[in-house]
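*Asks:* What follows is query-v2.json; its format and atoms are JSON, C-alpha atoms and all ligand atoms.
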```json
[["chain", "number", "residue", "atom", "x", "y", "z"],
["A", 1, "LEU", "CA", 13.91, 55.32, 185.73],
["A", 2, "THR", "CA", 12.67, 56.24, 182.26],
["A", 3, "LEU", "CA", 9.37, 54.84, 181.08],
["A", 4, "GLU", "CA", 11.34, 52.75, 178.58],
["A", 5, "ASN", "CA", 13.39, 51.14, 181.34],
["A", 6, "GLN", "CA", 10.30, 50.64, 183.46],
["A", 7, "LEU", "CA", 8.72, 48.83, 180.51],
["A", 8, "ARG", "CA", 11.78, 46.60, 180.11],
["A", 9, "LEU", "CA", 11.49, 45.69, 183.78],
["A", 10, "ALA", "CA", 7.76, 45.13, 183.37],
["A", 11, "ILE", "CA", 8.50, 42.54, 180.66],
["A", 12, "ASP", "CA", 11.02, 40.75, 182.90],
["A", 13, "ASN", "CA", 8.65, 40.86, 185.88],
["A", 14, "GLN", "CA", 5.64, 39.76, 183.81],
["A", 15, "GLU", "CA", 3.56, 42.76, 184.80],
["A", 16, "PHE", "CA", 1.35, 42.76, 181.70],
["A", 17, "VAL", "CA", -2.12, 41.22, 181.81],
["A", 18, "LEU", "CA", -4.89, 40.83, 179.28],
["A", 19, "HIS", "CA", -8.42, 41.94, 179.95],
["A", 20, "TYR", "CA", -11.28, 40.62, 177.85],
["A", 21, "GLN", "CA", -14.27, 42.50, 176.47],
["A", 22, "PRO", "CA", -17.11, 40.20, 175.35],
["A", 23, "LYS", "CA", -18.64, 40.23, 171.87],
["A", 24, "LEU", "CA", -22.31, 39.29, 171.73],
["A", 25, "ASN", "CA", -23.70, 37.37, 168.77],
["A", 26, "LEU", "CA", -26.99, 39.08, 167.94],
["A", 27, "ARG", "CA", -28.55, 36.05, 166.23],
["A", 28, "ASP", "CA", -28.65, 33.92, 169.39],
["A", 29, "ASP", "CA", -27.53, 36.27, 172.18],
["A", 30, "VAL", "CA", -24.51, 34.13, 172.99],
["A", 31, "VAL", "CA", -21.04, 35.45, 173.82],
["A", 32, "ARG", "CA", -18.64, 33.46, 171.69],
["A", 33, "GLY", "CA", -15.82, 35.93, 171.36],
["A", 34, "ALA", "CA", -13.84, 38.60, 173.15],
["A", 35, "GLU", "CA", -11.31, 41.30, 172.40],
["A", 36, "ALA", "CA", -8.12, 41.08, 174.44],
["A", 37, "LEU", "CA", -6.91, 44.45, 175.71],
["A", 38, "ILE", "CA", -3.55, 44.72, 177.39],
["A", 39, "ARG", "CA", -3.05, 46.36, 180.79],
["A", 40, "TRP", "CA", 0.10, 47.05, 182.78],
["A", 41, "ARG", "CA", -0.05, 46.21, 186.46],
["A", 42, "HIS", "CA", 2.25, 49.05, 187.45],
["A", 43, "PRO", "CA", 3.85, 48.46, 190.87],
["A", 44, "ASP", "CA", 3.06, 52.05, 191.99],
["A", 45, "SER", "CA", 0.37, 53.39, 189.65],
["A", 46, "GLY", "CA", -1.95, 50.38, 189.55],
["A", 47, "LEU", "CA", -3.59, 49.12, 186.40],
["A", 48, "MET", "CA", -2.45, 51.24, 183.43],
["A", 49, "PRO", "CA", -4.47, 51.38, 180.19],
["A", 50, "PRO", "CA", -2.64, 50.71, 176.91],
["A", 51, "GLY", "CA", -3.02, 54.27, 175.60],
["A", 52, "GLN", "CA", -0.40, 55.27, 178.17],
["A", 53, "PHE", "CA", 2.31, 52.79, 177.19],
["A", 54, "ILE", "CA", 1.65, 51.26, 173.73],
["A", 55, "PRO", "CA", 3.15, 54.36, 172.03],
["A", 56, "VAL", "CA", 6.36, 53.90, 174.07],
["A", 57, "LEU", "CA", 6.46, 50.18, 173.27],
["A", 58, "GLU", "CA", 6.21, 51.19, 169.61],
["A", 59, "GLU", "CA", 8.91, 53.87, 169.80],
["A", 60, "THR", "CA", 11.32, 51.49, 171.53],
["A", 61, "GLY", "CA", 10.62, 48.40, 169.45],
["A", 62, "LEU", "CA", 9.44, 46.55, 172.57],
["A", 63, "ILE", "CA", 6.02, 46.18, 170.90],
["A", 64, "HIS", "CA", 7.27, 43.10, 169.04],
["A", 65, "GLU", "CA", 8.01, 41.17, 172.20],
["A", 66, "VAL", "CA", 4.96, 42.36, 174.12],
["A", 67, "GLY", "CA", 2.67, 41.91, 171.10],
["A", 68, "ARG", "CA", 3.93, 38.35, 170.64],
["A", 69, "TRP", "CA", 3.26, 37.68, 174.32],
["A", 70, "ALA", "CA", -0.30, 39.05, 173.96],
["A", 71, "VAL", "CA", -1.12, 36.69, 171.09],
["A", 72, "ARG", "CA", 0.34, 33.70, 172.95],
["A", 73, "GLU", "CA", -1.45, 34.58, 176.19],
["A", 74, "ALA", "CA", -4.81, 35.09, 174.44],
["A", 75, "ALA", "CA", -4.47, 31.71, 172.72],
["A", 76, "ARG", "CA", -3.50, 30.02, 175.98],
["A", 77, "GLN", "CA", -6.45, 31.54, 177.83],
["A", 78, "CYS", "CA", -8.84, 30.45, 175.11],
["A", 79, "LEU", "CA", -7.59, 26.86, 175.24],
["A", 80, "ARG", "CA", -7.74, 26.86, 179.06],
["A", 81, "TRP", "CA", -11.42, 27.81, 178.81],
["A", 82, "ARG", "CA", -12.02, 25.10, 176.21],
["A", 83, "ASP", "CA", -10.24, 22.48, 178.28],
["A", 84, "ALA", "CA", -12.39, 23.49, 181.25],
["A", 85, "GLY", "CA", -15.52, 22.82, 179.19],
["A", 86, "LEU", "CA", -16.49, 26.48, 179.09],
["A", 87, "GLY", "CA", -17.23, 26.53, 175.37],
["A", 88, "GLU", "CA", -15.50, 27.45, 172.16],
["A", 89, "MET", "CA", -14.43, 31.06, 172.19],
["A", 90, "ARG", "CA", -12.45, 33.11, 169.75],
["A", 91, "ILE", "CA", -10.24, 35.84, 171.19],
["A", 92, "ALA", "CA", -9.21, 38.83, 169.11],
["A", 93, "VAL", "CA", -5.84, 40.48, 169.62],
["A", 94, "ASN", "CA", -4.88, 43.93, 168.35],
["A", 95, "VAL", "CA", -1.88, 44.15, 166.06],
["A", 96, "SER", "CA", 0.17, 47.33, 165.81],
["A", 97, "PRO", "CA", 1.24, 48.56, 162.36],
["A", 98, "LEU", "CA", 4.86, 48.00, 163.41],
["A", 99, "GLN", "CA", 4.18, 44.35, 164.17],
["A", 100, "LEU", "CA", 2.47, 43.81, 160.84],
["A", 101, "ARG", "CA", 5.41, 45.42, 159.03],
["A", 102, "ASP", "CA", 7.94, 43.25, 160.86],
["A", 103, "ARG", "CA", 9.38, 40.41, 158.78],
["A", 104, "ALA", "CA", 9.35, 38.07, 161.78],
["A", 105, "PHE", "CA", 5.66, 38.60, 162.58],
["A", 106, "LEU", "CA", 4.26, 35.85, 160.35],
["A", 107, "SER", "CA", 6.73, 33.27, 161.63],
["A", 108, "ASP", "CA", 5.99, 34.34, 165.23],
["A", 109, "ILE", "CA", 2.32, 33.62, 164.59],
["A", 110, "GLU", "CA", 3.19, 30.32, 162.90],
["A", 111, "GLN", "CA", 5.17, 29.25, 165.98],
["A", 112, "ILE", "CA", 2.30, 30.13, 168.29],
["A", 113, "LEU", "CA", -0.12, 28.14, 166.10],
["A", 114, "ALA", "CA", 2.21, 25.15, 166.20],
["A", 115, "LEU", "CA", 1.85, 24.90, 169.99],
["A", 116, "ASP", "CA", -1.65, 23.37, 169.66],
["A", 117, "PRO", "CA", -3.70, 22.42, 166.59],
["A", 118, "ARG", "CA", -6.76, 24.23, 168.03],
["A", 119, "THR", "CA", -5.01, 27.58, 168.28],
["A", 120, "ALA", "CA", -5.93, 28.91, 164.83],
["A", 121, "ASP", "CA", -9.64, 28.49, 165.62],
["A", 122, "SER", "CA", -9.14, 30.37, 168.88],
["A", 123, "LEU", "CA", -7.59, 33.50, 167.41],
["A", 124, "GLU", "CA", -8.57, 36.57, 165.49],
["A", 125, "LEU", "CA", -6.24, 39.46, 164.71],
["A", 126, "GLU", "CA", -7.56, 43.04, 164.65],
["A", 127, "ILE", "CA", -5.83, 45.40, 162.27],
["A", 128, "THR", "CA", -7.05, 48.96, 161.85],
["A", 129, "GLU", "CA", -8.24, 50.22, 158.52],
["A", 130, "SER", "CA", -5.68, 53.04, 158.66],
["A", 131, "THR", "CA", -2.85, 50.53, 159.23],
["A", 132, "ILE", "CA", -3.95, 48.70, 156.11],
["A", 133, "MET", "CA", -4.28, 51.88, 154.07],
["A", 134, "SER", "CA", -0.76, 53.00, 155.07],
["A", 135, "ASP", "CA", 0.79, 50.06, 153.23],
["A", 136, "ILE", "CA", -1.88, 48.32, 151.20],
["A", 137, "ALA", "CA", 0.15, 45.97, 149.03],
["A", 138, "HIS", "CA", 2.20, 44.57, 151.89],
["A", 139, "CYS", "CA", -0.81, 44.32, 154.19],
["A", 140, "ILE", "CA", -2.87, 42.41, 151.64],
["A", 141, "GLU", "CA", -0.03, 39.93, 151.36],
["A", 142, "SER", "CA", 0.34, 39.55, 155.14],
["A", 143, "LEU", "CA", -3.40, 39.25, 155.75],
["A", 144, "ARG", "CA", -3.63, 36.58, 153.07],
["A", 145, "ALA", "CA", -0.77, 34.65, 154.72],
["A", 146, "LEU", "CA", -2.49, 34.88, 158.12],
["A", 147, "ARG", "CA", -5.77, 33.62, 156.72],
["A", 148, "ASN", "CA", -3.97, 30.77, 154.96],
["A", 149, "MET", "CA", -2.73, 29.75, 158.41],
["A", 150, "GLY", "CA", -6.40, 29.62, 159.50],
["A", 151, "VAL", "CA", -6.35, 32.78, 161.62],
["A", 152, "ARG", "CA", -9.28, 35.17, 161.24],
["A", 153, "VAL", "CA", -8.69, 38.82, 160.41],
["A", 154, "ALA", "CA", -10.85, 41.77, 161.46],
["A", 155, "ILE", "CA", -10.62, 45.29, 160.06],
["A", 156, "ASP", "CA", -10.74, 47.51, 163.15],
["A", 157, "ASP", "CA", -12.01, 51.09, 163.41],
["A", 158, "PHE", "CA", -13.67, 50.71, 160.03],
["A", 159, "GLY", "CA", -14.87, 53.98, 158.52],
["A", 160, "THR", "CA", -12.03, 56.11, 159.87],
["A", 161, "GLY", "CA", -9.26, 54.95, 157.52],
["A", 162, "PHE", "CA", -10.74, 56.07, 154.21],
["A", 163, "SER", "CA", -10.34, 52.87, 152.27],
["A", 164, "SER", "CA", -11.98, 52.96, 148.89],
["A", 165, "LEU", "CA", -14.69, 50.46, 148.15],
["A", 166, "SER", "CA", -12.57, 48.83, 145.48],
["A", 167, "TYR", "CA", -9.86, 48.05, 148.05],
["A", 168, "LEU", "CA", -12.35, 46.80, 150.58],
["A", 169, "ALA", "CA", -13.55, 44.15, 148.13],
["A", 170, "ARG", "CA", -9.97, 42.93, 147.71],
["A", 171, "LEU", "CA", -8.97, 42.78, 151.37],
["A", 172, "PRO", "CA", -8.43, 39.27, 152.71],
["A", 173, "ALA", "CA", -10.54, 39.70, 155.85],
["A", 174, "ASP", "CA", -13.36, 38.00, 157.72],
["A", 175, "THR", "CA", -14.89, 40.78, 159.76],
["A", 176, "LEU", "CA", -15.54, 44.52, 159.69],
["A", 177, "LYS", "CA", -15.58, 46.33, 163.02],
["A", 178, "ILE", "CA", -17.59, 49.54, 162.64],
["A", 179, "ASP", "CA", -15.80, 52.35, 164.46],
["A", 180, "ARG", "CA", -17.51, 53.53, 167.63],
["A", 181, "SER", "CA", -17.80, 57.11, 166.36],
["A", 182, "PHE", "CA", -20.48, 55.87, 163.91],
["A", 183, "ILE", "CA", -22.23, 53.85, 166.60],
["A", 184, "ALA", "CA", -22.44, 56.96, 168.81],
["A", 185, "GLU", "CA", -24.35, 58.74, 166.02],
["A", 186, "MET", "CA", -26.76, 55.98, 165.07],
["A", 187, "ASP", "CA", -29.41, 56.80, 167.69],
["A", 188, "GLN", "CA", -28.95, 60.56, 167.24],
["A", 189, "SER", "CA", -30.16, 61.13, 163.69],
["A", 190, "PRO", "CA", -31.64, 59.33, 160.69],
["A", 191, "ALA", "CA", -28.40, 60.02, 158.81],
["A", 192, "GLY", "CA", -26.39, 58.38, 161.61],
["A", 193, "LEU", "CA", -28.54, 55.28, 161.38],
["A", 194, "ALA", "CA", -28.42, 55.24, 157.58],
["A", 195, "ILE", "CA", -24.61, 55.20, 157.62],
["A", 196, "VAL", "CA", -24.36, 52.22, 159.98],
["A", 197, "SER", "CA", -27.11, 50.41, 158.12],
["A", 198, "SER", "CA", -25.28, 50.88, 154.79],
["A", 199, "VAL", "CA", -22.02, 49.55, 156.25],
["A", 200, "VAL", "CA", -23.84, 46.44, 157.53],
["A", 201, "THR", "CA", -25.34, 45.85, 154.09],
["A", 202, "LEU", "CA", -22.01, 46.49, 152.39],
["A", 203, "ALA", "CA", -20.18, 44.05, 154.70],
["A", 204, "GLN", "CA", -22.75, 41.35, 154.12],
["A", 205, "SER", "CA", -22.67, 41.76, 150.37],
["A", 206, "LEU", "CA", -18.88, 41.27, 150.53],
["A", 207, "ASN", "CA", -19.33, 38.14, 152.71],
["A", 208, "LEU", "CA", -17.77, 39.82, 155.72],
["A", 209, "SER", "CA", -19.23, 39.44, 159.16],
["A", 210, "VAL", "CA", -19.89, 42.78, 160.84],
["A", 211, "ILE", "CA", -19.56, 43.91, 164.45],
["A", 212, "ALA", "CA", -20.43, 47.25, 166.06],
["A", 213, "GLU", "CA", -17.91, 48.49, 168.63],
["A", 214, "GLY", "CA", -18.46, 51.01, 171.41],
["A", 215, "VAL", "CA", -22.15, 50.17, 171.81],
["A", 216, "GLU", "CA", -23.23, 52.06, 174.92],
["A", 217, "THR", "CA", -27.05, 52.24, 174.89],
["A", 218, "GLU", "CA", -29.95, 49.79, 174.68],
["A", 219, "GLU", "CA", -31.35, 51.89, 171.84],
["A", 220, "GLN", "CA", -28.17, 51.38, 169.79],
["A", 221, "ALA", "CA", -28.37, 47.64, 170.52],
["A", 222, "ARG", "CA", -32.03, 47.53, 169.44],
["A", 223, "LEU", "CA", -31.26, 49.33, 166.17],
["A", 224, "LEU", "CA", -28.32, 47.00, 165.48],
["A", 225, "ARG", "CA", -30.63, 44.00, 165.78],
["A", 226, "LEU", "CA", -33.14, 45.68, 163.52],
["A", 227, "ILE", "CA", -30.57, 46.21, 160.75],
["A", 228, "ARG", "CA", -29.22, 42.65, 161.24],
["A", 229, "CYS", "CA", -25.73, 43.49, 162.44],
["A", 230, "ASP", "CA", -24.01, 40.21, 163.39],
["A", 231, "GLU", "CA", -22.38, 41.12, 166.72],
["A", 232, "LEU", "CA", -21.95, 43.91, 169.21],
["A", 233, "GLN", "CA", -19.25, 44.94, 171.67],
["A", 234, "GLY", "CA", -19.33, 47.78, 174.17],
["A", 235, "PHE", "CA", -20.16, 49.10, 177.60],
["A", 236, "VAL", "CA", -23.87, 48.24, 177.14],
["A", 237, "LEU", "CA", -22.82, 44.62, 177.56],
["A", 238, "SER", "CA", -19.61, 44.95, 179.56],
["A", 239, "GLU", "CA", -16.36, 46.84, 179.93],
["A", 240, "PRO", "CA", -13.16, 44.79, 179.48],
["A", 241, "LEU", "CA", -12.84, 42.31, 182.39],
["A", 242, "SER", "CA", -10.07, 40.29, 183.99],
["A", 243, "ALA", "CA", -10.01, 36.63, 182.88],
["A", 244, "GLU", "CA", -11.58, 35.58, 186.20],
["A", 245, "GLU", "CA", -14.42, 38.13, 185.97],
["A", 246, "PHE", "CA", -14.99, 37.31, 182.31],
["A", 247, "GLU", "CA", -15.24, 33.63, 183.09],
["A", 248, "SER", "CA", -17.69, 34.04, 185.94],
["A", 249, "ARG", "CA", -19.93, 36.48, 184.06],
["A", 250, "PHE", "CA", -19.94, 35.06, 180.54],
["A", 251, "LEU", "CA", -18.78, 31.47, 180.45],
["A", 252, "VAL", "CA", -20.95, 28.62, 181.60],
["A", 253, "PRO", "CA", -20.02, 24.96, 181.91],
["A", 254, "GLY", "CA", -21.86, 22.87, 179.33],
["A", 301, "LIG", "O1", -6.23, 53.34, 176.34],
["A", 301, "LIG", "P1", -7.16, 52.49, 175.53],
["A", 301, "LIG", "O2", -7.69, 51.27, 176.29],
["A", 301, "LIG", "O3", -8.25, 53.25, 174.82],
["A", 301, "LIG", "O4", -6.21, 51.94, 174.35],
["A", 301, "LIG", "C1", -6.63, 51.00, 173.48],
["A", 301, "LIG", "C2", -5.59, 50.91, 172.39],
["A", 301, "LIG", "O5", -4.54, 50.02, 172.74],
["A", 301, "LIG", "C3", -6.23, 50.39, 171.14],
["A", 301, "LIG", "O6", -5.77, 51.15, 170.06],
["A", 301, "LIG", "C4", -5.74, 48.98, 171.07],
["A", 301, "LIG", "O7", -5.65, 48.59, 169.73],
["A", 301, "LIG", "C5", -4.39, 49.04, 171.75],
["A", 301, "LIG", "N1", -4.07, 47.72, 172.32],
["A", 301, "LIG", "C6", -4.69, 47.14, 173.36],
["A", 301, "LIG", "N2", -4.16, 45.91, 173.60],
["A", 301, "LIG", "C7", -3.19, 45.71, 172.67],
["A", 301, "LIG", "C8", -2.29, 44.63, 172.39],
["A", 301, "LIG", "O8", -2.29, 43.57, 173.03],
["A", 301, "LIG", "N3", -1.42, 44.80, 171.37],
["A", 301, "LIG", "C9", -1.39, 45.95, 170.62],
["A", 301, "LIG", "N4", -0.50, 46.03, 169.63],
["A", 301, "LIG", "N5", -2.22, 46.98, 170.85],
["A", 301, "LIG", "C10", -3.13, 46.88, 171.86],
["A", 302, "LIG", "O1", -10.80, 49.82, 168.64],
["A", 302, "LIG", "P1", -9.89, 49.77, 169.82],
["A", 302, "LIG", "O2", -9.01, 48.55, 169.83],
["A", 302, "LIG", "O3", -9.12, 51.06, 169.99],
["A", 302, "LIG", "O4", -10.94, 49.67, 171.02],
["A", 302, "LIG", "C1", -10.60, 49.30, 172.31],
["A", 302, "LIG", "C2", -10.88, 50.43, 173.25],
["A", 302, "LIG", "O5", -12.27, 50.83, 173.25],
["A", 302, "LIG", "C3", -10.56, 50.02, 174.66],
["A", 302, "LIG", "O6", -9.84, 51.03, 175.25],
["A", 302, "LIG", "C4", -11.92, 49.87, 175.30],
["A", 302, "LIG", "O7", -11.87, 50.09, 176.70],
["A", 302, "LIG", "C5", -12.73, 50.94, 174.58],
["A", 302, "LIG", "N1", -14.18, 50.69, 174.62],
["A", 302, "LIG", "C6", -14.77, 49.49, 174.63],
["A", 302, "LIG", "N2", -16.13, 49.60, 174.67],
["A", 302, "LIG", "C7", -16.39, 50.93, 174.67],
["A", 302, "LIG", "C8", -17.62, 51.66, 174.72],
["A", 302, "LIG", "O8", -18.74, 51.14, 174.74],
["A", 302, "LIG", "N3", -17.50, 53.02, 174.68],
["A", 302, "LIG", "C9", -16.30, 53.65, 174.64],
["A", 302, "LIG", "N4", -16.30, 54.98, 174.64],
["A", 302, "LIG", "N5", -15.13, 52.97, 174.62],
["A", 302, "LIG", "C10", -15.16, 51.62, 174.64],
["A", 303, "NA", "NA", -9.32, 46.67, 168.49],
["A", 304, "MN", "MN", -11.57, 49.47, 167.28]]
```
Here is a file; write its structure as C-alpha cells.
*Replies:*
Amino acid sequence: LTLENQLRLAIDNQEFVLHYQPKLNLRDDVVRGAEALIRWRHPDSGLMPPGQFIPVLEETGLIHEVGRWAVREAARQCLRWRDAGLGEMRIAVNVSPLQLRDRAFLSDIEQILALDPRTADSLELEITESTIMSDIAHCIESLRALRNMGVRVAIDDFGTGFSSLSYLARLPADTLKIDRSFIAEMDQSPAGLAIVSSVVTLAQSLNLSVIAEGVETEEQARLLRLIRCDELQGFVLSEPLSAEEFESRFLVPG
C-alpha cells in the first residue's frame, strides 16, 4: 500500500487525532489557548507526527479534507470544554498554503462557523509568514475575509519569512508568533535578546498581540516576562497533549 492509499484509508477509518499544546498568558499566568497539532494513529507505527505525512497530504490534495476536519474537530473540542464549564479557550489550527489558496476554503470555514454561534470565538488560524509572502495580495484578501467572519488570525514562524515592515503594517492579523529559532537565541547573547525585544515592541506598536513559540527554558520565560511578551508556548510549559491529558493538566472547573 502506498502512503497515499494508507492516508485515504486513515481518513475513512478516522485515524487522525488532534493534540493540544497550551499557550500561557504572561499577564495572569492563565492558559486560555492552545495550538492544535495533528497526529496520525497509524495501525502499525503508532502515533505519527505531522512532518511525516502533511507533505503527502499536500501533494495528493488530501490536505483540504483533513485540514477541514482539523478545524471542525478543534472547534468541537473547544465547545465541549466550554459546555463542561472548563472555561473559555481559543484553539489555533494551522493552515497549509494550499488550503489558503483553495477557493472553497473560506466557505468551508463559514460552514463550520454556522454550526454554533460561539465557534468564531473559539478559533484562531495560524498562517506562516512565508505562506503570506508567497502570495501577498490574495492572502491579505483571505485574511481580511476570515477576520470579518470573527476568526482570529496569527502569523506563524514570524521572522523567517522576510516580510517587509510596510507589509506587516497592512496585514489583517491579530497575533504574531515569534519563530522558535529567535527564542533559542534570546538567552544566549545580548543581540539575541535585543531581536526578540524589538519584535515584541514592534508587534505592540502595530496593535498585534505577541506570542513566543518554542520556549524551552525558565530563563527564556523570565526574559519574556521582562520584555512584556503577551504569551508563551513551548516545552517549558508542556509538549502537545491529548485532549484528555490537556484537560486534566490545564483546565479546571469554575
Ligand atoms: O513534525 P512536526 O510536529 O514538527 O510538524 C509540525 C508541522 O505540521 C507544522 O508545520 C504544522 O504547521 C503542521 N501541522 C500540524 N497540524 C496541522 C494541521 O492540522 N493542519 C495543517 N495544515 N498543518 C498542520
Ligand atoms: O510553528 P509550528 O506549527 O511548526 O510548530 C509546531 C511544532 O513545534 C510542533 O511540532 C511542536 O511539537 C513543536 N514544538 C512545540 N514546542 C516546542 C519547543 O519548546 N521546542 C521545540 N524544539 N519544538 C517545539
Ligand atoms: Na503553528
Ligand atoms: Mn510556528
*Asks:* Extending 4 Å beyond the listed atoms of range 228-237 of chain A on each side, what axis-aligned box results? I want centre and edge lengths in Å to one decimal, as AutoDock Vina command-line options.
*Replies:*
```
--center_x -24.2 --center_y 44.7 --center_z 169.4 --size_x 18.0 --size_y 16.9 --size_z 24.4
```
*Asks:* Using all atoms listed in the file, determine which residues lie at most 9 Å from Glu35 in chain A, disregarding the query and same-chain residues fewer than 6 positions distant; provide the list as a list of chain:residue names.
*Replies:*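 Within the cut-off, the hits are A:His19, A:Tyr20, A:Gln21, A:Pro22, A:Lys23, A:Arg90, A:Ile91, A:Ala92, A:Val93, A:Asn94, A:Glu124, A:Glu126, A:Gln233, A:Pro240.
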*Asks:* For those residues, write C-alpha atoms to a file as a compact mmCIF listing (two decimals), in the coordinates of the input.
*Replies:*
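So result.txt came out as:
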```txt
# COMPACT_ATOMS: atom_id res chain seq x y z
CA HIS A 19 -8.42 41.94 179.95
CA TYR A 20 -11.28 40.62 177.85
CA GLN A 21 -14.27 42.50 176.47
CA PRO A 22 -17.11 40.20 175.35
CA LYS A 23 -18.64 40.23 171.87
CA ARG A 90 -12.45 33.11 169.75
CA ILE A 91 -10.24 35.84 171.19
CA ALA A 92 -9.21 38.83 169.11
CA VAL A 93 -5.84 40.48 169.62
CA ASN A 94 -4.88 43.93 168.35
CA GLU A 124 -8.57 36.57 165.49
CA GLU A 126 -7.56 43.04 164.65
CA GLN A 233 -19.25 44.94 171.67
CA PRO A 240 -13.16 44.79 179.48
```
*Asks:* Please give me, as a ChimeraX atom specification, the residues lying within 10 Å of ligand NA 303 (chain A) when counting all atoms listed in the file.
*Replies:* /A:35-37,92-96,125-128,154-157,177,179,213
*Asks:* Given the choices A:Leu106, A:Leu26, A:Cys229, A:Leu176, which gets closest to ligand LIG 302 (chain A) if the distance is worked out from all atoms listed in the file?
*Replies:*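 Result for the nearest residue to ligand LIG 302 (chain A): A:Leu176.
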*Asks:* Give me the residues near Val215 in chain A as a list in words, where near means some atom within 7 Å (using all atoms listed in the file) and where sequence neighbours in that chain fewer than 3 positions away do not count.
*Replies:*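 Near Val215 in chain A, the qualifying residues are Ile183, Ala212, Gln220, Ala221, Leu232, Gln233, Gly234, Phe235 and Val236 of chain A.
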